[in-house]
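Trainee: Below you will find the structure I want to go over with you.
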Amino acid sequence: MPDSVPISGLVNEAHPELFDTRALLPQPASLKTGQLTKDKIRHFFEKGYLVVPDFFKKEELDVCRNDVETLVDDLAQMLYDGGKITSLYKEHGLFQRLTYIEEEFPGANIILHKQGKLTKGFQSLWSNERLLNVVEQLIGPEIMGHPVWNLRTKTPKNEATTVPWHQDSAYLDRDSYEVLQATAWIPFLDANKKNGCMEVISGGHLAGKVVRHTCCWGNTWYVMMDEKDAEEKLNVDMEKDKVLCEVPYGGMLLINNMIPHRSLNNVTSDIRWSIDLRWQNPEKSVGFYGLKDGVLMRSQKNPVKEIDWDTFNNVDRHREADRECKTAIEDEKFDTIIVGPWMQKWDMTNTNRHTEKLSSRIGTSWHKA
């Protein structure tokens, strides 16, 4: 990649009013099913995050667990049929099987991440009526699912699943700096410090701006926030304002796209499965470089009779990013390389097997990168 590519992630403008208590909507006098108290919603806007420890019914998440087991089973069969692994490892359960597969074929967890199969269970969770009622408290009655959602395959002691400090908008184009995007991070087991739960920088969203990030961390595709720049421009103390967000099974962590956060290393023997889902106002740009649109889930203006999952699922965001950004795809089915427009948005301070596949041709078609 040429050294002359400019850094395009930093802008002079800030929009704190979109993320602090000025964005707090009038709360209903009579709460809908699942909706949270005014104090909890205020906490989300004041601190930039909210842990909701007991929200989902066990059966709502158990369906997702079953879907994950099926996805891992399909992955194992594909790798076995392709001669990449010598065993299906069926004797191991949900929280160990992928680890054994990963040991024989490093990068198996990346393939599962890239496949991005939005199962029926995931769809139901994302559009859960009680959950959308909470999202409505945060962004209003016009609700669109964001094109970026992720099943997190956090196998133990794996660099590729340990995400460094960042702001979510650092991965998106600059349009995302001008819209509140609400995220629910939902673990499929009790998430704690040992198995790699999340940490946030409380109040780090209040400046309403994205600070300097660099690319790419270690041997991954992740960008990493400049902590010194964050302290200076976000008026935070990275140590004193750090909050450990342990979330039990059945709970969730709510954050926005401006708050600095990271996931810790998983030092247990179990896989920490989780999913992160996002929503925003459909009248605003999703800020995803024109690669994929969102999916309308709820609207007062244009009532949604049935969510159009088919159209949404017909566009594979990872495949689109590969076509736009990758030099070559040798064997797509078994490809463990991830590239994306965010890589060229920030200063390249470390190169690795992912950045080496980044095409020098990209950048001209991006929308406000």
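Scheme for the structure tokens: letters A, B, ... for chains in order shown; per-chain residue numbers from 1; ligand numbers from 1 in order shown.
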Do a neighbour search on A:Leu132 at 10 Å with only C-alpha atoms, toss out local chain neighbours closer than 6 positions, and write the hits as JSON, numbers by chain.

Mentor: {"A": [33, 34, 35, 125, 126, 138, 140, 141, 143, 279, 297, 298]}

Trainee: Keeping only C-alpha atoms, write the selected residues as a compact mmCIF listing (two decimals), in the first residue's frame.

Mentor:
```txt
# COMPACT_ATOMS: atom_id res chain seq x y z
CA THR A 33 -42.86 -4.10 27.93
CA GLY A 34 -39.12 -4.29 28.62
CA GLN A 35 -38.55 -0.55 28.76
CA LEU A 125 -33.11 -11.54 19.02
CA TRP A 126 -32.22 -8.44 16.99
CA LEU A 138 -32.61 5.72 23.08
CA GLY A 140 -36.86 7.20 18.95
CA PRO A 141 -39.57 5.25 17.08
CA ILE A 143 -35.45 2.17 14.07
CA TRP A 279 -29.58 0.33 15.52
CA MET A 297 -37.28 -2.79 11.94
CA ARG A 298 -39.77 -0.29 13.32
```

Trainee: Determine which residues of stretch 157-298 of chain A receive a DSSP assignment of strand (DSSP E), computed from the backbone, and state them as a VMD selection string.

Mentor: chain A and resid 182 to 187 198 to 201 213 to 215 223 to 225 242 to 245 252 to 256 261 to 263 272 to 280 295 to 298

Trainee: Restricting it to N, CA and C atoms, dump the selection as a tab-separated table (two decimals), in the first residue's frame.

Mentor:
```
chain	number	residue	atom	x	y	z
A	182	ALA	N	-26.91	2.99	18.55
A	182	ALA	CA	-27.00	2.24	19.81
A	182	ALA	C	-26.62	0.79	19.57
A	183	THR	N	-25.81	0.25	20.46
A	183	THR	CA	-25.33	-1.13	20.35
A	183	THR	C	-25.71	-1.92	21.59
A	184	ALA	N	-26.20	-3.14	21.38
A	184	ALA	CA	-26.39	-4.09	22.47
A	184	ALA	C	-25.37	-5.21	22.31
A	185	TRP	N	-24.53	-5.36	23.32
A	185	TRP	CA	-23.56	-6.46	23.36
A	185	TRP	C	-24.14	-7.52	24.28
A	186	ILE	N	-24.39	-8.71	23.72
A	186	ILE	CA	-25.14	-9.75	24.42
A	186	ILE	C	-24.31	-11.03	24.50
A	187	PRO	N	-23.85	-11.41	25.69
A	187	PRO	CA	-23.07	-12.64	25.81
A	187	PRO	C	-23.97	-13.87	25.89
A	198	MET	N	-16.26	-6.93	28.45
A	198	MET	CA	-15.92	-5.60	27.93
A	198	MET	C	-15.49	-4.65	29.04
A	199	GLU	N	-14.67	-3.69	28.65
A	199	GLU	CA	-14.36	-2.52	29.46
A	199	GLU	C	-14.70	-1.27	28.66
A	200	VAL	N	-15.18	-0.24	29.33
A	200	VAL	CA	-15.50	1.02	28.67
A	200	VAL	C	-14.82	2.15	29.42
A	201	ILE	N	-14.69	3.29	28.75
A	201	ILE	CA	-14.19	4.51	29.38
A	201	ILE	C	-15.40	5.40	29.63
A	213	HIS	N	-6.81	6.91	15.73
A	213	HIS	CA	-6.60	5.47	15.80
A	213	HIS	C	-5.46	5.11	14.85
A	214	THR	N	-4.87	3.96	15.04
A	214	THR	CA	-3.84	3.47	14.12
A	214	THR	C	-4.19	2.05	13.70
A	215	CYS	N	-3.59	1.62	12.61
A	215	CYS	CA	-3.85	0.30	12.04
A	215	CYS	C	-2.50	-0.38	11.76
A	223	VAL	N	-8.24	-1.74	14.36
A	223	VAL	CA	-7.60	-0.45	14.62
A	223	VAL	C	-7.48	-0.28	16.13
A	224	MET	N	-6.57	0.59	16.56
A	224	MET	CA	-6.32	0.79	17.98
A	224	MET	C	-6.32	2.28	18.30
A	225	MET	N	-7.08	2.65	19.30
A	225	MET	CA	-7.19	4.05	19.69
A	225	MET	C	-5.91	4.54	20.35
A	242	LYS	N	-11.94	3.91	33.58
A	242	LYS	CA	-12.15	2.56	33.03
A	242	LYS	C	-13.14	1.79	33.90
A	243	VAL	N	-14.13	1.20	33.25
A	243	VAL	CA	-15.17	0.45	33.96
A	243	VAL	C	-15.26	-0.97	33.40
A	244	LEU	N	-15.14	-1.93	34.28
A	244	LEU	CA	-15.29	-3.33	33.91
A	244	LEU	C	-16.79	-3.64	33.82
A	245	CYS	N	-17.23	-4.19	32.69
A	245	CYS	CA	-18.66	-4.44	32.47
A	245	CYS	C	-18.92	-5.94	32.41
A	252	MET	N	-27.31	-7.69	29.09
A	252	MET	CA	-26.68	-7.04	27.94
A	252	MET	C	-25.98	-5.78	28.39
A	253	LEU	N	-25.05	-5.34	27.56
A	253	LEU	CA	-24.36	-4.06	27.73
A	253	LEU	C	-24.79	-3.16	26.59
A	254	LEU	N	-25.31	-1.98	26.92
A	254	LEU	CA	-25.68	-0.99	25.91
A	254	LEU	C	-24.59	0.07	25.83
A	255	ILE	N	-24.14	0.39	24.62
A	255	ILE	CA	-23.15	1.44	24.41
A	255	ILE	C	-23.53	2.25	23.16
A	256	ASN	N	-22.80	3.32	22.92
A	256	ASN	CA	-22.99	4.08	21.68
A	256	ASN	C	-21.72	4.02	20.84
A	261	HIS	N	-14.03	1.59	24.08
A	261	HIS	CA	-14.24	0.31	24.75
A	261	HIS	C	-13.28	-0.73	24.17
A	262	ARG	N	-13.17	-1.84	24.87
A	262	ARG	CA	-12.33	-2.94	24.42
A	262	ARG	C	-12.85	-4.23	25.04
A	263	SER	N	-12.39	-5.37	24.52
A	263	SER	CA	-12.68	-6.64	25.16
A	263	SER	C	-11.37	-7.19	25.72
A	272	ARG	N	-15.90	-17.63	24.93
A	272	ARG	CA	-16.87	-16.60	25.32
A	272	ARG	C	-17.62	-16.14	24.08
A	273	TRP	N	-18.76	-16.77	23.84
A	273	TRP	CA	-19.59	-16.40	22.70
A	273	TRP	C	-20.41	-15.16	23.03
A	274	SER	N	-20.55	-14.27	22.06
A	274	SER	CA	-21.41	-13.10	22.24
A	274	SER	C	-21.83	-12.59	20.86
A	275	ILE	N	-22.81	-11.71	20.87
A	275	ILE	CA	-23.27	-11.08	19.64
A	275	ILE	C	-23.43	-9.59	19.90
A	276	ASP	N	-23.07	-8.77	18.93
A	276	ASP	CA	-23.32	-7.33	19.06
A	276	ASP	C	-24.21	-6.87	17.92
A	277	LEU	N	-25.25	-6.15	18.31
A	277	LEU	CA	-26.30	-5.70	17.39
A	277	LEU	C	-26.45	-4.19	17.49
A	278	ARG	N	-26.73	-3.55	16.35
A	278	ARG	CA	-26.76	-2.08	16.32
A	278	ARG	C	-28.03	-1.55	15.67
A	279	TRP	N	-28.41	-0.34	16.08
A	279	TRP	CA	-29.58	0.33	15.52
A	279	TRP	C	-29.31	1.82	15.39
A	280	GLN	N	-30.02	2.46	14.48
A	280	GLN	CA	-29.95	3.90	14.35
A	280	GLN	C	-31.20	4.40	13.61
A	295	VAL	N	-31.44	-2.44	7.80
A	295	VAL	CA	-32.73	-3.11	7.63
A	295	VAL	C	-33.73	-2.44	8.57
A	296	LEU	N	-34.83	-1.95	8.00
A	296	LEU	CA	-35.84	-1.25	8.79
A	296	LEU	C	-36.57	-2.24	9.68
A	297	MET	N	-36.65	-1.90	10.97
A	297	MET	CA	-37.28	-2.79	11.94
A	297	MET	C	-38.55	-2.23	12.56
A	298	ARG	N	-38.60	-0.92	12.71
A	298	ARG	CA	-39.77	-0.29	13.32
A	298	ARG	C	-39.89	1.14	12.81
```

Trainee: Between atom CA of A:Pro260 and atom CA of A:His166, what is the spacing in Å?

Mentor: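 A separation of 5.2 Å between them.
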
Trainee: From the options A:Asp175, A:Asp67, A:Glu239, A:Glu246, which residue's atoms come nearest to A:Lys193, counting only C-alpha atoms?

Mentor: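 Selected residue with least distance to A:Lys193: A:Glu246.
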
Trainee: Quick one: pick out all helix (DSSP H, G or I) residues within stretch 114-310 of chain A from a backbone DSSP run and write them as number ranges by chain.

Mentor: A: 114-115, 120-126, 129-139, 159-161, 168-171, 174-178, 227-234, 309-310

Trainee: May I ask for the distance between atom CA of A:Asn257 and atom CA of A:Lys209, given in Å to one decimal place?

Mentor: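 Atom CA of A:Lys209 lies at a distance of 9.9 Å from atom CA of A:Asn257.
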
Trainee: Nearest to A:Val286 among A:Thr70, A:Ser359, A:Gln181, A:Thr161, with distances taken over only C-alpha atoms: which residue is it?

Mentor: A:Gln181
